[in-house]
Amino acid sequence: MSHSLTIHLFSNNKPVHFVRNDTSLAITDDAHTKLDVPLRRVLWVDLVGSVITVHVLTRKHGHLALAKATGSIKGNNVEEAKAIAEKWVEDTLAAAYQGVKTQRRFLVVVNPLGGPGKAPSIFKDKVKPIFKAAHCTYDVISTEYHGHALKIGSEVVLDNYDAVVAVSGDGTLHELINGFAQHKEPMRAFKLPIAPVPAGSGNGTSLNLLGVEEGQDIAVAALNAIKGRPMALDVASILQNGKRSFSFMSQCVGLMADLDLGTEHLRWMGSNRFVYGYLRGILTRKGYPFSISVKAVHEDKRSMVEAVRKHRSSPLEGQPQAVETTSTELPPLQYVEESEGWTTLEGPILYLYAGKGPFVSRDLMQFPVSMPNDGTFDVVIQSRLSRMEMLRGLDGAENGSAYWRDSSRYFKVKAYRLKPVSDDENPKGHLSIDGERFPFGEYYAEVHHGLATMLSMTGRYEVEFNLEPPSSG
């Protein structure tokens with residue numbers, strides 16, 4: 001049963017009422033509601049002297065913005081009013097955070113060269129004031145070279161921080177995760193949550209965690225860092241030429257790698273560079289010969305849609321927030337030696353795209369049925385298409401329309417292996433892993449259930465996949 005608690009104060013010598021119920025906080029005078037926000041957007045409440053101050057995020061022009069309201073205690077019995085106010089402040093702060101630790105300690109990693117290059121101003125002008133309003137503390141490191149975030153992740157003092165905030169694109173997240181893998185305590189490092197603040201080209205991780213409507217909203221991302229709960233995230237080992245690295249988001253070859261790595265000089269275009277690369281691929285309509293082996297656990301598209309819808313409808317309490325392990329070492333590779341349960345496909349394809357998280361960029365929902373911690377990566381193998389079919393593929397790409405395409409094989413896998421088929425000892429091509437350039441050639445990928453940790457307000461991807469299969473009639 002909903003109930004409200006009201007405290008009566010004064011602002012500019014006029015009566016004002018601070019009203020909190022089970023879900024929201026409102027500030028009214030005798031004639032108007034001045035402020036009304038959900039409790040999740042209440043950052044801080046305090047009582048200093050006889051003044052109550054409330055810091056919140058309120059919606060302005062479609063985005064969240066920082067706002068502050070104050071009210072003073074006046075009257076004949078000030079001490080009794082203060083005691084009531086102290087209780088109201090304490091209870092309101094507890095209701096606003098609902099068990100989440102207040103005053104988090106952040107390591108903030110800012111990539112000044114990522115995407116459009118706006119990360120420093122994004123942190124200084126938008127994120128920093130919100131963190132201060134929420135009484136969070138932070139150390140800031142600006143990356144100075146490619147691979148710097150990897151070094152930061154490998155050396156982070158784990159006991160000093162509650163989370164790492166990455167003001168960057170997805171490439172910095174890739175470096176941090178691989179840095180955690182090189183930490184002297186890798187499994188503890190992987191439990192340190194990461195909270196992305198979108199400042200790159202694609203920002204797929206932010207879109208998946210915050211939703212397509214709010215995935216580019218800096219204030220929403222800052223709020224997720226302040227109040228998000230740890231969410232386990234599957235990560236894949238990548239084994240290539242005897243070297244092991246880790247991927248949290250995507251691996252691709254063929255057209256999708258070409259449009260990514262082949263447009264790096266156009267990063268100033270943001271996610272539009274991927275559309276440009278795709279249009280260029282339509283003109284060439286190139287086929288790519290590969291031998292691909294997958295250890296699949298699901299392939300039926302309808303059942304995978306049913307599973308993700310059931311996952312999204314289940315309560316937050318039912319979502320795994322962390323995958324417990326007693327091991328202090330990195331997980332071993334279990335499926336390197338192919339045996340039973342593998343399927344091999346050979347021949348020229350348009351692309352292979354494997355990954356975790358529905359959105360790769362705002363314009364492309366590549367993995368509509370992906371879940372953060374189901375123990376698999378989604379693998380899409382797209383056969384060659386006519387130019388007209390490729391052109392049609394642009395329509396609805398942001399809604400996952402390619403999922404139902406008959407020429408697109410869609411697997412959920414525990415592991416897979418890809419090998420270019422070529423008479424050339426050094427075949428030419430692109431291999432993109434989490435948007436980073438890797439040597440083109442054979443590689444092996446294996447998924448580790450819930451190895452890494454992200455912060456999330458809901459414990460799931462904030463992405464809906466509503467496209468029904470085309471009718472057979």
# chains A, B, ... in the order shown; residues from 1 in each chain; ligands from 1
>>> residues_around(residues="Ile349 in chain A", least_positions_apart="6", cutoff="8 Å", atoms="only C-alpha atoms", output="VMD selection string")
chain A and resid 254 287 to 290 381 to 384
>>> residues_around(residues="range 406-420 of chain A", least_positions_apart="2", cutoff="6 Å", atoms="only C-alpha atoms", output="CSV table (one decimal) with N, CA, C and O atoms, in the first residue's frame")
chain,number,residue,atom,x,y,z
A,290,PHE,N,35.4,-19.1,-45.7
A,290,PHE,CA,35.8,-19.5,-44.3
A,290,PHE,C,35.4,-20.9,-44.0
A,290,PHE,O,34.4,-21.4,-44.6
A,291,SER,N,36.1,-21.6,-43.1
A,291,SER,CA,35.7,-22.8,-42.5
A,291,SER,C,35.3,-22.4,-41.0
A,291,SER,O,36.2,-21.9,-40.3
A,292,ILE,N,34.1,-22.7,-40.6
A,292,ILE,CA,33.6,-22.3,-39.3
A,292,ILE,C,33.0,-23.5,-38.6
A,292,ILE,O,32.2,-24.2,-39.1
A,293,SER,N,33.5,-23.7,-37.4
A,293,SER,CA,33.0,-24.7,-36.5
A,293,SER,C,32.3,-24.1,-35.3
A,293,SER,O,32.9,-23.2,-34.7
A,294,VAL,N,31.1,-24.6,-34.9
A,294,VAL,CA,30.4,-24.0,-33.8
A,294,VAL,C,30.0,-25.1,-32.8
A,294,VAL,O,29.6,-26.2,-33.2
A,295,LYS,N,30.2,-24.8,-31.5
A,295,LYS,CA,29.6,-25.7,-30.5
A,295,LYS,C,28.3,-25.0,-30.0
A,295,LYS,O,28.3,-24.2,-29.0
A,296,ALA,N,27.3,-25.3,-30.7
A,296,ALA,CA,26.0,-24.6,-30.5
A,296,ALA,C,25.1,-25.3,-29.4
A,296,ALA,O,25.1,-26.5,-29.3
A,297,VAL,N,24.4,-24.5,-28.7
A,297,VAL,CA,23.4,-25.0,-27.7
A,297,VAL,C,22.0,-24.7,-28.2
A,297,VAL,O,21.1,-25.3,-27.7
A,298,HIS,N,21.8,-23.6,-29.0
A,298,HIS,CA,20.5,-23.3,-29.6
A,298,HIS,C,20.7,-22.8,-31.0
A,298,HIS,O,21.6,-22.1,-31.3
A,299,GLU,N,19.7,-23.2,-31.8
A,299,GLU,CA,19.7,-22.6,-33.2
A,299,GLU,C,18.3,-22.3,-33.6
A,299,GLU,O,18.1,-21.5,-34.6
A,376,THR,N,26.4,-17.9,-23.2
A,376,THR,CA,26.7,-18.1,-24.6
A,376,THR,C,27.0,-16.8,-25.3
A,376,THR,O,26.7,-15.7,-24.7
A,377,PHE,N,27.6,-16.8,-26.4
A,377,PHE,CA,27.7,-15.7,-27.3
A,377,PHE,C,26.8,-16.1,-28.5
A,377,PHE,O,26.6,-17.2,-28.9
A,378,ASP,N,26.2,-15.0,-29.1
A,378,ASP,CA,25.3,-15.2,-30.3
A,378,ASP,C,26.2,-15.2,-31.5
A,378,ASP,O,27.1,-14.3,-31.6
A,379,VAL,N,26.1,-16.1,-32.5
A,379,VAL,CA,26.9,-16.1,-33.7
A,379,VAL,C,25.9,-16.1,-34.9
A,379,VAL,O,25.0,-16.9,-35.0
A,380,VAL,N,26.2,-15.1,-35.8
A,380,VAL,CA,25.4,-14.9,-37.0
A,380,VAL,C,26.3,-15.2,-38.2
A,380,VAL,O,27.3,-14.6,-38.3
A,381,ILE,N,25.9,-16.1,-39.0
A,381,ILE,CA,26.6,-16.4,-40.3
A,381,ILE,C,25.7,-16.1,-41.4
A,381,ILE,O,24.6,-16.7,-41.6
A,382,GLN,N,26.0,-15.0,-42.2
A,382,GLN,CA,25.2,-14.5,-43.2
A,382,GLN,C,25.7,-15.0,-44.6
A,382,GLN,O,26.8,-14.7,-45.0
A,383,SER,N,24.9,-15.7,-45.3
A,383,SER,CA,25.2,-16.1,-46.7
A,383,SER,C,25.2,-14.9,-47.6
A,383,SER,O,24.7,-13.8,-47.3
A,442,GLU,N,43.2,-17.5,-38.5
A,442,GLU,CA,42.4,-18.4,-37.7
A,442,GLU,C,42.4,-18.0,-36.2
A,442,GLU,O,43.4,-17.5,-35.7
A,443,TYR,N,41.2,-18.2,-35.6
A,443,TYR,CA,41.1,-17.9,-34.2
A,443,TYR,C,40.1,-18.8,-33.6
A,443,TYR,O,39.2,-19.4,-34.3
A,444,TYR,N,40.1,-19.0,-32.2
A,444,TYR,CA,39.2,-19.8,-31.5
A,444,TYR,C,38.6,-18.9,-30.4
A,444,TYR,O,39.3,-18.1,-29.7
A,445,ALA,N,37.3,-19.1,-30.2
A,445,ALA,CA,36.6,-18.3,-29.1
A,445,ALA,C,35.8,-19.2,-28.2
A,445,ALA,O,35.2,-20.2,-28.7
A,446,GLU,N,35.9,-19.0,-26.9
A,446,GLU,CA,35.2,-19.8,-25.9
A,446,GLU,C,34.6,-18.9,-24.9
A,446,GLU,O,35.3,-18.0,-24.3
A,447,VAL,N,33.3,-19.1,-24.5
A,447,VAL,CA,32.6,-18.2,-23.6
A,447,VAL,C,32.8,-18.7,-22.2
A,447,VAL,O,32.7,-19.8,-21.8
>>> select_by_dssp(residues="range 283-401 of chain A", states="alpha helix (DSSP H)", output="list of chain:residue names")
A:Leu283, A:Thr284, A:Lys301, A:Arg302, A:Ser303, A:Met304, A:Val305, A:Glu306, A:Ala307, A:Val308, A:Arg309, A:Lys310, A:His311, A:Arg312, A:Ser313, A:Arg387, A:Met388, A:Glu389, A:Met390, A:Leu391, A:Arg392
>>> closest_residue(among="A:Arg280, A:Arg362, A:Arg40, A:Lys118", to="Gly396 in chain A", atoms="only C-alpha atoms")
A:Arg362
>>> atom_distance(atom1="CA of Leu451 in chain A", atom2="CA of Leu233 in chain A")
6.1 Å
>>> closest_atom_pairs(of="range 211-290 of chain A", to="range 79-101 of chain A", cutoff="9 Å", atoms="only C-alpha atoms", output="CSV")
residue,atom,partner,partner_atom,distance
A:Ile226,CA,A:Lys101,CA,8.7
A:Lys227,CA,A:Val100,CA,6.3
A:Gly228,CA,A:Val100,CA,7.8
A:Arg229,CA,A:Val100,CA,7.2
>>> atom_distance(atom1="CA of Ser168 in chain A", atom2="CA of Pro196 in chain A")
7.2 Å
>>> closest_residue(among="A:Val421, A:Leu66, A:Leu5, A:Leu176", to="Ala222 in chain A", atoms="only C-alpha atoms")
A:Leu66
>>> atom_distance(atom1="CA of Pro332 in chain A", atom2="CA of Phe190 in chain A")
15.3 Å
>>> closest_residue(among="A:Thr284, A:Asn272, A:Thr143, A:Ser327", to="Leu385 in chain A", atoms="only C-alpha atoms")
A:Thr284
>>> closest_residue(among="A:Asp395, A:Glu464, A:Asp423, A:Glu175", to="Ser313 in chain A", atoms="only C-alpha atoms")
A:Glu464
>>> residues_around(residues="range 112-116 of chain A", least_positions_apart="5", cutoff="12 Å", atoms="only C-alpha atoms", output="MDAnalysis selection string")
chainID A and resid 121:124 141:146 148:149 166:173 197:203 264:273 435
>>> residues_around(residues="range 52-63 of chain A", least_positions_apart="2", cutoff="7 Å", atoms="only C-alpha atoms", output="PyMOL selection string")
chain A and resi 37+41-48+50+65-72+133+217
>>> write_last_selection(atoms="N, CA and C atoms", output="PDB file, in the first residue's frame")
ATOM      1  N   VAL A  37       9.882  13.872  -9.198  1.00  0.00           N
ATOM      2  CA  VAL A  37      10.806  12.936  -9.842  1.00  0.00           C
ATOM      3  C   VAL A  37      10.703  11.562  -9.201  1.00  0.00           C
ATOM      4  N   ARG A  41      15.852   8.841  -9.285  1.00  0.00           N
ATOM      5  CA  ARG A  41      16.593  10.000  -9.764  1.00  0.00           C
ATOM      6  C   ARG A  41      16.912  11.003  -8.638  1.00  0.00           C
ATOM      7  N   VAL A  42      16.682  10.598  -7.404  1.00  0.00           N
ATOM      8  CA  VAL A  42      17.107  11.403  -6.259  1.00  0.00           C
ATOM      9  C   VAL A  42      18.550  11.029  -5.935  1.00  0.00           C
ATOM     10  N   LEU A  43      19.455  11.992  -6.040  1.00  0.00           N
ATOM     11  CA  LEU A  43      20.880  11.731  -5.841  1.00  0.00           C
ATOM     12  C   LEU A  43      21.315  11.891  -4.391  1.00  0.00           C
ATOM     13  N   TRP A  44      20.774  12.909  -3.721  1.00  0.00           N
ATOM     14  CA  TRP A  44      21.210  13.158  -2.341  1.00  0.00           C
ATOM     15  C   TRP A  44      20.198  14.035  -1.623  1.00  0.00           C
ATOM     16  N   VAL A  45      20.097  13.805  -0.329  1.00  0.00           N
ATOM     17  CA  VAL A  45      19.242  14.620   0.538  1.00  0.00           C
ATOM     18  C   VAL A  45      20.025  14.849   1.822  1.00  0.00           C
ATOM     19  N   ASP A  46      20.116  16.086   2.271  1.00  0.00           N
ATOM     20  CA  ASP A  46      20.791  16.322   3.547  1.00  0.00           C
ATOM     21  C   ASP A  46      20.147  17.488   4.294  1.00  0.00           C
ATOM     22  N   LEU A  47      20.488  17.530   5.567  1.00  0.00           N
ATOM     23  CA  LEU A  47      20.027  18.593   6.452  1.00  0.00           C
ATOM     24  C   LEU A  47      21.253  19.247   7.060  1.00  0.00           C
ATOM     25  N   VAL A  48      21.492  20.508   6.735  1.00  0.00           N
ATOM     26  CA  VAL A  48      22.609  21.265   7.282  1.00  0.00           C
ATOM     27  C   VAL A  48      22.032  22.474   8.010  1.00  0.00           C
ATOM     28  N   SER A  50      19.416  24.293   9.560  1.00  0.00           N
ATOM     29  CA  SER A  50      17.956  24.170   9.469  1.00  0.00           C
ATOM     30  C   SER A  50      17.485  24.116   8.012  1.00  0.00           C
ATOM     31  N   ALA A  65      18.763  16.379 -16.393  1.00  0.00           N
ATOM     32  CA  ALA A  65      19.640  17.481 -15.995  1.00  0.00           C
ATOM     33  C   ALA A  65      19.617  17.606 -14.479  1.00  0.00           C
ATOM     34  N   LEU A  66      20.718  18.087 -13.940  1.00  0.00           N
ATOM     35  CA  LEU A  66      20.867  18.240 -12.499  1.00  0.00           C
ATOM     36  C   LEU A  66      20.011  19.401 -11.995  1.00  0.00           C
ATOM     37  N   ALA A  67      19.350  19.181 -10.877  1.00  0.00           N
ATOM     38  CA  ALA A  67      18.531  20.236 -10.265  1.00  0.00           C
ATOM     39  C   ALA A  67      18.656  20.142  -8.750  1.00  0.00           C
ATOM     40  N   LYS A  68      18.407  21.264  -8.088  1.00  0.00           N
ATOM     41  CA  LYS A  68      18.525  21.326  -6.630  1.00  0.00           C
ATOM     42  C   LYS A  68      17.343  22.106  -6.067  1.00  0.00           C
ATOM     43  N   ALA A  69      16.862  21.650  -4.916  1.00  0.00           N
ATOM     44  CA  ALA A  69      15.781  22.361  -4.235  1.00  0.00           C
ATOM     45  C   ALA A  69      16.126  22.444  -2.753  1.00  0.00           C
ATOM     46  N   THR A  70      15.757  23.551  -2.124  1.00  0.00           N
ATOM     47  CA  THR A  70      16.026  23.730  -0.699  1.00  0.00           C
ATOM     48  C   THR A  70      14.777  24.201   0.024  1.00  0.00           C
ATOM     49  N   GLY A  71      14.743  23.880   1.287  1.00  0.00           N
ATOM     50  CA  GLY A  71      13.663  24.352   2.147  1.00  0.00           C
ATOM     51  C   GLY A  71      14.181  24.540   3.565  1.00  0.00           C
ATOM     52  N   SER A  72      13.686  25.542   4.264  1.00  0.00           N
ATOM     53  CA  SER A  72      14.179  25.864   5.605  1.00  0.00           C
ATOM     54  C   SER A  72      13.139  25.556   6.662  1.00  0.00           C
ATOM     55  N   ALA A 133      27.163  15.972  -6.724  1.00  0.00           N
ATOM     56  CA  ALA A 133      25.847  16.105  -6.100  1.00  0.00           C
ATOM     57  C   ALA A 133      25.478  14.850  -5.313  1.00  0.00           C
ATOM     58  N   ASP A 217      22.291   9.356 -23.313  1.00  0.00           N
ATOM     59  CA  ASP A 217      22.057  10.396 -22.311  1.00  0.00           C
ATOM     60  C   ASP A 217      23.136  10.294 -21.232  1.00  0.00           C
TER      61      ASP A 217
END
>>> closest_residue(among="A:Glu306, A:Asp234, A:Glu185, A:Glu462", to="His449 in chain A", atoms="only C-alpha atoms")
A:Asp234
>>> closest_residue(among="A:Gly450, A:Gly341, A:Gly75, A:Pro186", to="Val156 in chain A", atoms="only C-alpha atoms")
A:Pro186
>>> residues_around(residues="Asp36 in chain A", least_positions_apart="2", cutoff="8 Å", atoms="only C-alpha atoms", output="ChimeraX atom specification")
/A:24-27,33-34,38
>>> write_last_selection(atoms="C-alpha atoms", output="compact mmCIF listing (two decimals), in the first residue's frame")
# COMPACT_ATOMS: atom_id res chain seq x y z
CA SER A 24 8.65 9.50 -6.07
CA LEU A 25 9.61 12.78 -4.47
CA ALA A 26 7.57 15.92 -5.10
CA ILE A 27 8.08 19.52 -4.01
CA THR A 33 4.03 21.24 -8.08
CA LYS A 34 7.53 22.61 -8.55
CA PRO A 38 11.06 9.16 -9.36
